[in-house]
$ cat work-v2.txt   # compact mmCIF, C-alpha atoms and all ligand atoms
# COMPACT_ATOMS: atom_id res chain seq x y z
CA MET A 1 0.00 0.00 0.00
CA SER A 2 2.94 2.36 0.52
CA GLU A 3 2.89 3.55 -3.09
CA PHE A 4 -0.60 4.96 -2.49
CA ARG A 5 0.40 7.17 0.43
CA GLU A 6 0.86 10.89 -0.03
CA ILE A 7 2.14 13.50 2.36
CA ARG A 8 0.01 16.59 2.92
CA ASN A 9 0.52 19.62 5.13
CA VAL A 10 -1.81 20.42 7.98
CA LEU A 11 -3.27 23.88 7.46
CA ALA A 12 -5.41 24.34 10.58
CA VAL A 13 -6.52 22.46 13.67
CA ARG A 14 -9.48 23.66 15.70
CA ALA A 15 -10.58 22.14 18.98
CA VAL A 16 -14.33 21.55 18.84
CA GLY A 17 -14.74 20.06 22.29
CA PRO A 18 -12.32 18.51 24.77
CA ASP A 19 -11.93 15.35 22.64
CA ILE A 20 -12.80 16.44 19.12
CA ALA A 21 -10.72 18.38 16.61
CA ALA A 22 -11.49 19.71 13.14
CA ILE A 23 -8.35 19.22 11.07
CA GLU A 24 -7.79 20.88 7.71
CA ILE A 25 -5.13 19.62 5.31
CA GLU A 26 -4.02 20.54 1.82
CA ARG A 27 -6.34 19.34 -0.90
CA HIS A 28 -4.43 20.23 -4.08
CA ASP A 29 -6.65 19.01 -6.94
CA LEU A 30 -7.89 15.84 -5.23
CA ALA A 31 -11.35 14.76 -6.46
CA PHE A 32 -13.77 13.04 -4.11
CA THR A 33 -17.46 12.29 -3.67
CA PRO A 34 -19.37 13.31 -0.50
CA GLY A 35 -19.30 10.27 1.77
CA ASP A 36 -15.74 9.31 0.84
CA CYS A 37 -13.18 8.48 3.51
CA MET A 38 -9.42 8.65 3.41
CA ALA A 39 -7.04 6.52 5.41
CA LEU A 40 -4.96 8.79 7.63
CA TYR A 41 -1.74 7.41 9.04
CA ALA A 42 -0.09 7.53 12.45
CA ASP A 43 3.38 8.94 12.96
CA ASP A 44 5.05 5.66 11.97
CA GLY A 45 3.44 5.81 8.51
CA ARG A 46 2.31 2.20 8.89
CA VAL A 47 -0.89 2.17 10.95
CA SER A 48 -3.90 3.91 9.43
CA ARG A 49 -7.60 4.39 10.12
CA PRO A 50 -10.39 5.62 7.85
CA TYR A 51 -11.74 9.15 8.40
CA SER A 52 -14.67 10.62 6.53
CA ILE A 53 -14.09 13.82 4.56
CA ALA A 54 -16.11 16.62 6.18
CA SER A 55 -15.56 19.36 3.59
CA GLY A 56 -17.42 20.08 0.37
CA THR A 57 -16.34 19.19 -3.14
CA ALA A 58 -15.80 22.87 -3.99
CA ASP A 59 -13.88 23.71 -0.80
CA PRO A 60 -10.18 24.43 -1.29
CA ILE A 61 -9.12 22.25 1.66
CA LEU A 62 -9.84 18.77 3.01
CA ARG A 63 -11.41 18.77 6.45
CA PHE A 64 -11.77 15.92 8.93
CA ILE A 65 -13.55 15.78 12.26
CA VAL A 66 -11.64 13.48 14.59
CA ARG A 67 -12.53 12.19 18.05
CA ARG A 68 -9.44 11.50 20.14
CA MET A 69 -9.65 7.95 21.49
CA PRO A 70 -7.43 7.62 24.57
CA GLY A 71 -4.66 5.14 23.86
CA GLY A 72 -5.53 5.00 20.19
CA ASP A 73 -2.85 4.49 17.57
CA VAL A 74 -4.01 7.18 15.16
CA SER A 75 -6.58 9.64 16.52
CA PRO A 76 -4.41 11.11 19.36
CA PHE A 77 -1.65 11.65 16.80
CA LEU A 78 -4.02 13.44 14.42
CA CYS A 79 -5.57 15.59 17.18
CA SER A 80 -2.11 16.76 18.28
CA ARG A 81 -1.09 17.98 14.81
CA GLN A 82 -0.24 21.63 14.34
CA PRO A 83 -0.35 23.80 11.22
CA GLY A 84 2.72 22.99 9.12
CA ASP A 85 2.93 19.38 10.31
CA GLU A 86 2.66 16.61 7.76
CA VAL A 87 0.20 13.71 7.61
CA ARG A 88 0.21 10.71 5.31
CA VAL A 89 -3.05 10.00 3.52
CA SER A 90 -4.52 7.46 1.11
CA PRO A 91 -6.67 8.32 -1.90
CA PRO A 92 -10.39 8.81 -1.14
CA PHE A 93 -12.61 5.73 -1.11
CA GLY A 94 -16.09 4.79 0.02
CA TRP A 95 -19.56 3.53 -0.70
CA PHE A 96 -21.68 5.66 1.65
CA ARG A 97 -23.31 8.32 -0.53
CA PRO A 98 -25.54 10.68 1.45
CA GLY A 99 -28.09 12.44 -0.74
CA ALA A 100 -27.09 10.47 -3.85
CA ASN A 101 -30.72 9.87 -4.88
CA ALA A 102 -31.91 13.35 -3.90
CA ALA A 103 -33.22 14.10 -7.40
CA GLN A 104 -35.52 11.05 -7.21
CA ARG A 105 -36.81 11.14 -3.64
CA PRO A 106 -36.45 12.91 -0.30
CA PHE A 107 -34.04 11.70 2.33
CA VAL A 108 -33.33 11.65 6.05
CA PHE A 109 -29.99 12.06 7.85
CA LEU A 110 -29.30 10.49 11.25
CA ALA A 111 -25.87 11.17 12.77
CA THR A 112 -24.16 10.60 16.09
CA GLY A 113 -20.85 12.18 17.09
CA THR A 114 -18.25 12.47 14.37
CA GLY A 115 -20.68 10.54 12.16
CA VAL A 116 -21.88 13.96 11.08
CA ALA A 117 -18.75 14.31 8.89
CA PRO A 118 -20.17 12.88 5.62
CA PHE A 119 -23.29 15.02 6.02
CA PHE A 120 -21.08 18.11 6.17
CA ALA A 121 -19.43 16.91 2.96
CA TYR A 122 -22.81 16.60 1.26
CA LEU A 123 -24.34 19.83 2.57
CA ARG A 124 -21.22 21.85 1.76
CA SER A 125 -21.11 20.58 -1.83
CA PRO A 126 -22.73 22.33 -4.82
CA GLY A 127 -26.30 21.22 -5.53
CA ALA A 128 -26.98 19.87 -2.04
CA ARG A 129 -30.65 19.62 -1.11
CA ARG A 130 -32.12 19.86 2.34
CA PRO A 131 -32.95 16.60 4.12
CA ALA A 132 -36.60 16.03 5.02
CA LEU A 133 -35.32 15.46 8.54
CA PHE A 134 -31.85 15.64 10.06
CA ARG A 135 -31.14 14.47 13.60
CA TYR A 136 -27.67 14.93 15.04
CA GLY A 137 -26.80 13.68 18.50
CA CYS A 138 -23.85 13.95 20.86
CA ARG A 139 -23.29 13.19 24.51
CA ALA A 140 -22.27 16.76 25.43
CA ALA A 141 -23.11 20.12 23.87
CA ALA A 142 -19.38 20.88 23.52
CA ASP A 143 -19.08 17.94 21.10
CA LEU A 144 -21.54 19.40 18.59
CA VAL A 145 -19.68 20.53 15.47
CA GLU A 146 -21.02 23.81 14.04
CA PRO A 147 -24.62 23.18 15.14
CA ASP A 148 -25.77 26.62 13.96
CA TRP A 149 -24.40 25.99 10.46
CA LEU A 150 -26.07 22.59 10.34
CA ARG A 151 -29.39 24.07 11.50
CA ALA A 152 -29.22 26.82 8.88
CA HIS A 153 -28.09 24.67 5.95
CA GLY A 154 -29.48 21.24 6.77
CA GLY A 155 -32.35 21.90 9.16
CA ALA A 156 -30.54 19.83 11.78
CA VAL A 157 -32.25 19.13 15.08
CA CYS A 158 -29.48 18.66 17.65
CA TYR A 159 -29.75 16.19 20.52
CA VAL A 160 -27.58 16.08 23.63
CA SER A 161 -27.93 12.99 25.81
CA ARG A 162 -25.90 13.60 28.97
CA GLU A 163 -26.85 17.17 29.84
CA ARG A 164 -29.44 19.78 29.05
CA ALA A 165 -28.30 22.26 26.41
CA PRO A 166 -30.05 25.39 25.10
CA GLY A 167 -31.56 24.92 21.65
CA CYS A 168 -31.06 21.13 21.76
CA ALA A 169 -33.40 18.27 22.48
CA HIS A 170 -32.44 16.30 25.58
CA GLY A 171 -31.89 12.62 24.82
CA ARG A 172 -30.72 10.34 22.05
CA ILE A 173 -31.70 10.72 18.42
CA THR A 174 -33.40 7.34 18.59
CA ASP A 175 -35.68 8.46 21.42
CA GLY A 176 -39.21 8.77 20.05
CA MET A 177 -38.79 8.10 16.34
CA ASP A 178 -42.52 8.36 15.64
CA ASP A 179 -42.04 11.64 13.78
CA LEU A 180 -39.56 10.16 11.31
CA PRO A 181 -41.04 10.47 7.83
CA LEU A 182 -41.89 7.02 6.46
CA GLY A 183 -42.44 5.98 2.86
CA ASP A 184 -40.40 6.46 -0.28
CA TYR A 185 -37.39 8.09 1.39
CA ASP A 186 -33.70 7.27 1.59
CA TYR A 187 -32.32 7.06 5.13
CA TYR A 188 -28.64 7.76 5.78
CA LEU A 189 -27.33 6.63 9.18
CA CYS A 190 -23.78 7.35 10.34
CA GLY A 191 -21.90 7.08 13.62
CA LEU A 192 -22.18 4.70 16.54
CA ASP A 193 -23.29 1.14 15.80
CA ALA A 194 -25.91 1.16 18.59
CA MET A 195 -27.76 4.08 16.95
CA ILE A 196 -27.48 2.51 13.52
CA ASP A 197 -28.83 -0.84 14.75
CA GLU A 198 -31.69 0.74 16.69
CA ALA A 199 -32.75 3.06 13.86
CA THR A 200 -32.50 0.23 11.33
CA ARG A 201 -34.70 -2.01 13.47
CA TYR A 202 -37.25 0.78 13.84
CA LEU A 203 -37.34 1.59 10.12
CA GLN A 204 -37.61 -2.06 9.10
CA SER A 205 -40.41 -2.60 11.63
CA ARG A 206 -42.27 0.20 9.82
CA GLY A 207 -41.84 -1.51 6.45
CA ILE A 208 -38.83 0.42 5.12
CA PRO A 209 -36.75 -1.90 2.90
CA ILE A 210 -33.11 -2.34 3.86
CA THR A 211 -32.15 -1.10 0.39
CA ALA A 212 -33.38 2.37 1.42
CA ILE A 213 -31.39 2.35 4.68
CA HIS A 214 -27.80 3.40 4.00
CA ARG A 215 -25.37 2.89 6.86
CA GLU A 216 -21.81 3.80 7.80
CA CYS A 217 -20.56 2.61 11.20
CA PHE A 218 -17.62 4.54 12.67
CA PHE A 219 -17.50 3.13 16.19
CA ASN A 220 -18.47 -0.06 17.91
CA ALA A 221 -20.13 0.66 21.27
CA SER A 222 -18.91 -2.66 22.66
CA ALA A 223 -15.32 -1.41 22.22
CA ALA A 224 -16.12 1.57 24.43
CA GLY A 225 -16.52 -0.68 27.45
C1 LIG A 301 -15.71 4.15 7.43
C2 LIG A 301 -15.21 4.81 8.71
C3 LIG A 301 -15.13 6.19 8.78
C4 LIG A 301 -14.70 6.80 9.97
N1 LIG A 301 -14.64 8.16 10.04
C5 LIG A 301 -14.29 8.74 11.21
C6 LIG A 301 -14.30 10.18 11.34
O1 LIG A 301 -14.64 10.94 10.42
N2 LIG A 301 -13.93 10.70 12.55
C7 LIG A 301 -13.54 9.89 13.62
O2 LIG A 301 -13.22 10.44 14.67
N3 LIG A 301 -13.52 8.56 13.49
C8 LIG A 301 -13.86 7.97 12.33
N4 LIG A 301 -13.82 6.61 12.22
C9 LIG A 301 -13.20 5.82 13.33
C10 LIG A 301 -11.67 5.78 13.08
O3 LIG A 301 -11.40 5.07 11.87
C11 LIG A 301 -10.90 5.06 14.21
O4 LIG A 301 -11.49 3.81 14.46
C12 LIG A 301 -10.86 5.86 15.51
O5 LIG A 301 -10.31 7.15 15.29
C13 LIG A 301 -10.00 5.14 16.57
O6 LIG A 301 -8.71 4.92 16.01
P1 LIG A 301 -7.40 4.94 16.94
O7 LIG A 301 -6.29 4.38 16.11
O8 LIG A 301 -7.20 6.27 17.56
O9 LIG A 301 -7.80 3.95 18.11
P2 LIG A 301 -7.48 2.37 18.17
O10 LIG A 301 -6.00 2.17 18.30
O11 LIG A 301 -8.17 1.70 17.02
O12 LIG A 301 -8.26 2.00 19.48
C14 LIG A 301 -7.82 2.57 20.71
C15 LIG A 301 -8.65 2.10 21.86
O13 LIG A 301 -9.94 2.71 21.79
C16 LIG A 301 -10.92 1.70 21.94
N5 LIG A 301 -12.15 2.15 21.30
C17 LIG A 301 -12.59 1.90 20.05
N6 LIG A 301 -13.78 2.46 19.85
C18 LIG A 301 -14.09 3.09 21.00
C19 LIG A 301 -15.19 3.88 21.44
N7 LIG A 301 -16.25 4.13 20.65
N8 LIG A 301 -15.16 4.42 22.69
C20 LIG A 301 -14.12 4.18 23.51
N9 LIG A 301 -13.06 3.44 23.15
C21 LIG A 301 -13.06 2.89 21.93
C22 LIG A 301 -10.32 0.49 21.34
O14 LIG A 301 -10.93 -0.69 21.81
C23 LIG A 301 -8.87 0.59 21.83
O15 LIG A 301 -8.76 0.10 23.11
C24 LIG A 301 -14.29 6.00 11.07
C25 LIG A 301 -14.37 4.60 10.97
C26 LIG A 301 -14.84 4.01 9.82
C27 LIG A 301 -14.95 2.50 9.77

$ encode --input "work-v2.txt" --output "structure tokens"
Amino acid sequence: MSEFREIRNVLAVRAVGPDIAAIEIERHDLAFTPGDCMALYADDGRVSRPYSIASGTADPILRFIVRRMPGGDVSPFLCSRQPGDEVRVSPPFGWFRPGANAAQRPFVFLATGTGVAPFFAYLRSPGARRPALFRYGCRAAADLVEPDWLRAHGGAVCYVSRERAPGCAHGRITDGMDDLPLGDYDYYLCGLDAMIDEATRYLQSRGIPITAIHRECFFNASAAG
């Protein structure tokens, strides 16, 4: 795989909350599709993890939203980068395509945590349409990435589960799903596996075919202990 690695400069790093950073790196002329990931490498240039691109296709930079996992091989390294540092990256890849069928039918976004990244990529790209419903949940208000932008451009309803936060619903995005639009919609689910499993079960129990439920799992709750 080494021949596929490129070195890019870090342009900016912004702390979103105590454990989340938005990291911008050089794009050059790299083409990608909203929903694509790139493998980002640790310092040794050998261990990599996939991270979803969180910038739009017309943005001049590549942006990633990274949660620092204590003891992790890659995410602590990425979150400690400074402008001017280098990171090794793979070419973009992926199969999760939020909003891909937007011209044919409406769609719903459900995101937890950094799982909001591919929805940023879609909403920031030319021609993006507004989801029929967009729920975005985090444990703490400080973890929400640009909630005002997401409300304005995607109609996001933000949920915070472990505290009460102004302007946010209190609870998980899977609490009370009765107001989810049902029918000929596409559903895009991204983030923690527990949310994805619960939302999938709910949608299937309401007759939504699995072919309309598009899923990208970032984290396995069982690994969180
Ligand atoms: C398709 C895809 C796209 C992804 N996109 C993103 C993204 O945009 N942003 C992002 O932040 N991450 C994303 N991830 C997750 C990312 O790839 C890594 O898995 C994550 O950053 C941890 O890597 P690490 O090397 O730091 O930790 P590792 O070395 O893999 O693990 C470190 C420790 O953390 C534990 N751990 C694993 N998951 C959890 C958890 N949920 N809570 C607590 N501890 C845990 C592990 O068991 C281990 O003990 C994505 C994953 C996939 C599959």

$ residues_around --input "work-v2.txt" --residues "A:Cys168" --least-positions-apart "4" --cutoff "12 Å" --atoms "only C-alpha atoms" --output "list in words"
Arg135, Tyr136, Gly137, Cys138, Arg139, Ala140, Ala141, Ala142, Leu144, Pro147, Asp148, Arg151, Ala156, Val157, Cys158, Tyr159, Val160, Ser161, Arg162, Glu163, Arg164, Arg172 and Ile173 of chain A

$ residues_near_ligand --input "work-v2.txt" --ligand "ligand LIG 301 (chain A)" --cutoff "7 Å" --atoms "only C-alpha atoms and all ligand atoms" --output "ChimeraX atom specification"
/A:37,49-53,64-76,114-115,117,216-221,223-225

$ closest_residue --input "work-v2.txt" --among "A:Ser125, A:Ser90, A:Cys79, A:Gly154" --to "A:Val16" --atoms "all atoms listed in the file"
A:Cys79

$ closest_atom_pairs --input "work-v2.txt" --of "stretch 23-120 of chain A" --to "stretch 192-213 of chain A" --cutoff "10 Å" --atoms "all atoms listed in the file" --output "CSV"
residue,atom,partner,partner_atom,distance
A:Phe107,CA,A:Ala212,CA,9.4
A:Val108,CA,A:Ile213,CA,9.6
A:Leu110,CA,A:Ile196,CA,8.5
A:Ala111,CA,A:Leu192,CA,8.3
A:Thr112,CA,A:Leu192,CA,6.2
A:Gly113,CA,A:Leu192,CA,7.6
A:Thr114,CA,A:Leu192,CA,9.0
A:Gly115,CA,A:Leu192,CA,7.5

$ atom_distance --input "work-v2.txt" --atom1 "atom CA of A:Ile23" --atom2 "atom CA of A:Trp95"
22.6 Å

$ closest_residue --input "work-v2.txt" --among "A:Pro98, A:Gly176, A:Pro91, A:Pro131" --to "A:Ala152" --atoms "all atoms listed in the file"
A:Pro131

$ closest_residue --input "work-v2.txt" --among "A:Val10, A:Ala42, A:Ala31, A:Ile20" --to "A:Arg63" --atoms "only C-alpha atoms"
A:Val10

$ atom_distance --input "work-v2.txt" --atom1 "atom CA of A:Phe134" --atom2 "atom CA of A:Gly155"
6.3 Å

$ residues_around --input "work-v2.txt" --residues "A:Ser48" --least-positions-apart "5" --cutoff "6 Å" --atoms "only C-alpha atoms" --output "list in words"
Ala39, Leu40 and Tyr41 of chain A

$ closest_residue --input "work-v2.txt" --among "A:Asp178, A:Glu6, A:Asp186, A:Glu146" --to "A:Ile25" --atoms "only C-alpha atoms"
A:Glu6

$ residues_around --input "work-v2.txt" --residues "A:Glu24" --least-positions-apart "2" --cutoff "10 Å" --atoms "all atoms listed in the file" --output "PyMOL selection string"
chain A and resi 9-14+21-22+26-27+53-55+60-65+83

$ write_last_selection --input "work-v2.txt" --atoms "C-alpha atoms" --output "PDB file, keeping the file's coordinate frame"
ATOM      1  CA  ASN A   9       0.520  19.620   5.130  1.00  0.00           C
ATOM      2  CA  VAL A  10      -1.810  20.420   7.980  1.00  0.00           C
ATOM      3  CA  LEU A  11      -3.270  23.880   7.460  1.00  0.00           C
ATOM      4  CA  ALA A  12      -5.410  24.340  10.580  1.00  0.00           C
ATOM      5  CA  VAL A  13      -6.520  22.460  13.670  1.00  0.00           C
ATOM      6  CA  ARG A  14      -9.480  23.660  15.700  1.00  0.00           C
ATOM      7  CA  ALA A  21     -10.720  18.380  16.610  1.00  0.00           C
ATOM      8  CA  ALA A  22     -11.490  19.710  13.140  1.00  0.00           C
ATOM      9  CA  GLU A  26      -4.020  20.540   1.820  1.00  0.00           C
ATOM     10  CA  ARG A  27      -6.340  19.340  -0.900  1.00  0.00           C
ATOM     11  CA  ILE A  53     -14.090  13.820   4.560  1.00  0.00           C
ATOM     12  CA  ALA A  54     -16.110  16.620   6.180  1.00  0.00           C
ATOM     13  CA  SER A  55     -15.560  19.360   3.590  1.00  0.00           C
ATOM     14  CA  PRO A  60     -10.180  24.430  -1.290  1.00  0.00           C
ATOM     15  CA  ILE A  61      -9.120  22.250   1.660  1.00  0.00           C
ATOM     16  CA  LEU A  62      -9.840  18.770   3.010  1.00  0.00           C
ATOM     17  CA  ARG A  63     -11.410  18.770   6.450  1.00  0.00           C
ATOM     18  CA  PHE A  64     -11.770  15.920   8.930  1.00  0.00           C
ATOM     19  CA  ILE A  65     -13.550  15.780  12.260  1.00  0.00           C
ATOM     20  CA  PRO A  83      -0.350  23.800  11.220  1.00  0.00           C
TER      21      PRO A  83
END

$ atom_distance --input "work-v2.txt" --atom1 "atom CA of A:Glu86" --atom2 "atom CA of A:Asp43"
9.3 Å

$ closest_residue --input "work-v2.txt" --among "A:His170, A:Arg129, A:Arg124, A:His153" --to "A:Ala100" --atoms "only C-alpha atoms"
A:Arg129

$ closest_residue --input "work-v2.txt" --among "A:Pro18, A:Leu123, A:Gly171, A:His214" --to "A:Leu150" --atoms "all atoms listed in the file"
A:Leu123

$ residues_around --input "work-v2.txt" --residues "A:Arg97" --least-positions-apart "4" --cutoff "10 Å" --atoms "all atoms listed in the file" --output "PyMOL selection string"
chain A and resi 33-36+101+118-119+122+188+214-216

$ build_atoms --input "work-v2.txt" --residues "stretch 16-41 of chain A" --atoms "N, CA and C atoms" --output "PDB file, in the frame of the given file"
ATOM      1  N   VAL A  16     -12.872  21.379  18.815  1.00  0.00           N
ATOM      2  CA  VAL A  16     -14.330  21.550  18.840  1.00  0.00           C
ATOM      3  C   VAL A  16     -14.825  21.377  20.254  1.00  0.00           C
ATOM      4  N   GLY A  17     -14.447  20.317  20.889  1.00  0.00           N
ATOM      5  CA  GLY A  17     -14.740  20.060  22.290  1.00  0.00           C
ATOM      6  C   GLY A  17     -13.476  19.488  22.893  1.00  0.00           C
ATOM      7  N   PRO A  18     -13.539  19.012  24.128  1.00  0.00           N
ATOM      8  CA  PRO A  18     -12.320  18.510  24.770  1.00  0.00           C
ATOM      9  C   PRO A  18     -11.677  17.351  24.010  1.00  0.00           C
ATOM     10  N   ASP A  19     -12.478  16.541  23.293  1.00  0.00           N
ATOM     11  CA  ASP A  19     -11.930  15.350  22.640  1.00  0.00           C
ATOM     12  C   ASP A  19     -12.139  15.321  21.137  1.00  0.00           C
ATOM     13  N   ILE A  20     -12.537  16.426  20.570  1.00  0.00           N
ATOM     14  CA  ILE A  20     -12.800  16.440  19.120  1.00  0.00           C
ATOM     15  C   ILE A  20     -12.053  17.604  18.483  1.00  0.00           C
ATOM     16  N   ALA A  21     -11.419  17.318  17.337  1.00  0.00           N
ATOM     17  CA  ALA A  21     -10.720  18.380  16.610  1.00  0.00           C
ATOM     18  C   ALA A  21     -11.157  18.367  15.151  1.00  0.00           C
ATOM     19  N   ALA A  22     -11.267  19.567  14.589  1.00  0.00           N
ATOM     20  CA  ALA A  22     -11.490  19.710  13.140  1.00  0.00           C
ATOM     21  C   ALA A  22     -10.130  20.007  12.529  1.00  0.00           C
ATOM     22  N   ILE A  23      -9.704  19.144  11.619  1.00  0.00           N
ATOM     23  CA  ILE A  23      -8.350  19.220  11.070  1.00  0.00           C
ATOM     24  C   ILE A  23      -8.446  19.488   9.572  1.00  0.00           C
ATOM     25  N   GLU A  24      -7.788  20.550   9.140  1.00  0.00           N
ATOM     26  CA  GLU A  24      -7.790  20.880   7.710  1.00  0.00           C
ATOM     27  C   GLU A  24      -6.410  20.582   7.134  1.00  0.00           C
ATOM     28  N   ILE A  25      -6.408  19.906   5.992  1.00  0.00           N
ATOM     29  CA  ILE A  25      -5.130  19.620   5.310  1.00  0.00           C
ATOM     30  C   ILE A  25      -5.228  20.068   3.863  1.00  0.00           C
ATOM     31  N   GLU A  26      -4.061  20.130   3.223  1.00  0.00           N
ATOM     32  CA  GLU A  26      -4.020  20.540   1.820  1.00  0.00           C
ATOM     33  C   GLU A  26      -4.848  19.594   0.965  1.00  0.00           C
ATOM     34  N   ARG A  27      -5.557  20.176   0.014  1.00  0.00           N
ATOM     35  CA  ARG A  27      -6.340  19.340  -0.900  1.00  0.00           C
ATOM     36  C   ARG A  27      -5.618  19.151  -2.251  1.00  0.00           C
ATOM     37  N   HIS A  28      -4.932  20.172  -2.693  1.00  0.00           N
ATOM     38  CA  HIS A  28      -4.430  20.230  -4.080  1.00  0.00           C
ATOM     39  C   HIS A  28      -5.631  20.041  -5.011  1.00  0.00           C
ATOM     40  N   ASP A  29      -5.525  19.171  -5.992  1.00  0.00           N
ATOM     41  CA  ASP A  29      -6.650  19.010  -6.940  1.00  0.00           C
ATOM     42  C   ASP A  29      -7.375  17.683  -6.717  1.00  0.00           C
ATOM     43  N   LEU A  30      -7.315  17.163  -5.505  1.00  0.00           N
ATOM     44  CA  LEU A  30      -7.890  15.840  -5.230  1.00  0.00           C
ATOM     45  C   LEU A  30      -9.409  15.843  -5.445  1.00  0.00           C
ATOM     46  N   ALA A  31      -9.895  14.901  -6.242  1.00  0.00           N
ATOM     47  CA  ALA A  31     -11.350  14.760  -6.460  1.00  0.00           C
ATOM     48  C   ALA A  31     -11.910  13.746  -5.481  1.00  0.00           C
ATOM     49  N   PHE A  32     -13.113  14.016  -4.980  1.00  0.00           N
ATOM     50  CA  PHE A  32     -13.770  13.040  -4.110  1.00  0.00           C
ATOM     51  C   PHE A  32     -15.274  13.235  -4.218  1.00  0.00           C
ATOM     52  N   THR A  33     -16.005  12.268  -3.690  1.00  0.00           N
ATOM     53  CA  THR A  33     -17.460  12.290  -3.670  1.00  0.00           C
ATOM     54  C   THR A  33     -17.898  12.400  -2.213  1.00  0.00           C
ATOM     55  N   PRO A  34     -18.912  13.233  -1.901  1.00  0.00           N
ATOM     56  CA  PRO A  34     -19.370  13.310  -0.500  1.00  0.00           C
ATOM     57  C   PRO A  34     -19.691  11.908   0.023  1.00  0.00           C
ATOM     58  N   GLY A  35     -19.174  11.599   1.193  1.00  0.00           N
ATOM     59  CA  GLY A  35     -19.300  10.270   1.770  1.00  0.00           C
ATOM     60  C   GLY A  35     -17.993   9.496   1.716  1.00  0.00           C
ATOM     61  N   ASP A  36     -17.042   9.976   0.900  1.00  0.00           N
ATOM     62  CA  ASP A  36     -15.740   9.310   0.840  1.00  0.00           C
ATOM     63  C   ASP A  36     -14.968   9.457   2.141  1.00  0.00           C
ATOM     64  N   CYS A  37     -14.152   8.443   2.418  1.00  0.00           N
ATOM     65  CA  CYS A  37     -13.180   8.480   3.510  1.00  0.00           C
ATOM     66  C   CYS A  37     -11.783   8.557   2.902  1.00  0.00           C
ATOM     67  N   MET A  38     -10.827   8.858   3.763  1.00  0.00           N
ATOM     68  CA  MET A  38      -9.420   8.650   3.410  1.00  0.00           C
ATOM     69  C   MET A  38      -8.775   7.948   4.588  1.00  0.00           C
ATOM     70  N   ALA A  39      -7.821   7.087   4.325  1.00  0.00           N
ATOM     71  CA  ALA A  39      -7.040   6.520   5.410  1.00  0.00           C
ATOM     72  C   ALA A  39      -5.999   7.552   5.816  1.00  0.00           C
ATOM     73  N   LEU A  40      -5.983   7.895   7.102  1.00  0.00           N
ATOM     74  CA  LEU A  40      -4.960   8.790   7.630  1.00  0.00           C
ATOM     75  C   LEU A  40      -4.037   7.964   8.513  1.00  0.00           C
ATOM     76  N   TYR A  41      -2.751   8.245   8.414  1.00  0.00           N
ATOM     77  CA  TYR A  41      -1.740   7.410   9.040  1.00  0.00           C
ATOM     78  C   TYR A  41      -1.212   8.003  10.339  1.00  0.00           C
TER      79      TYR A  41
END
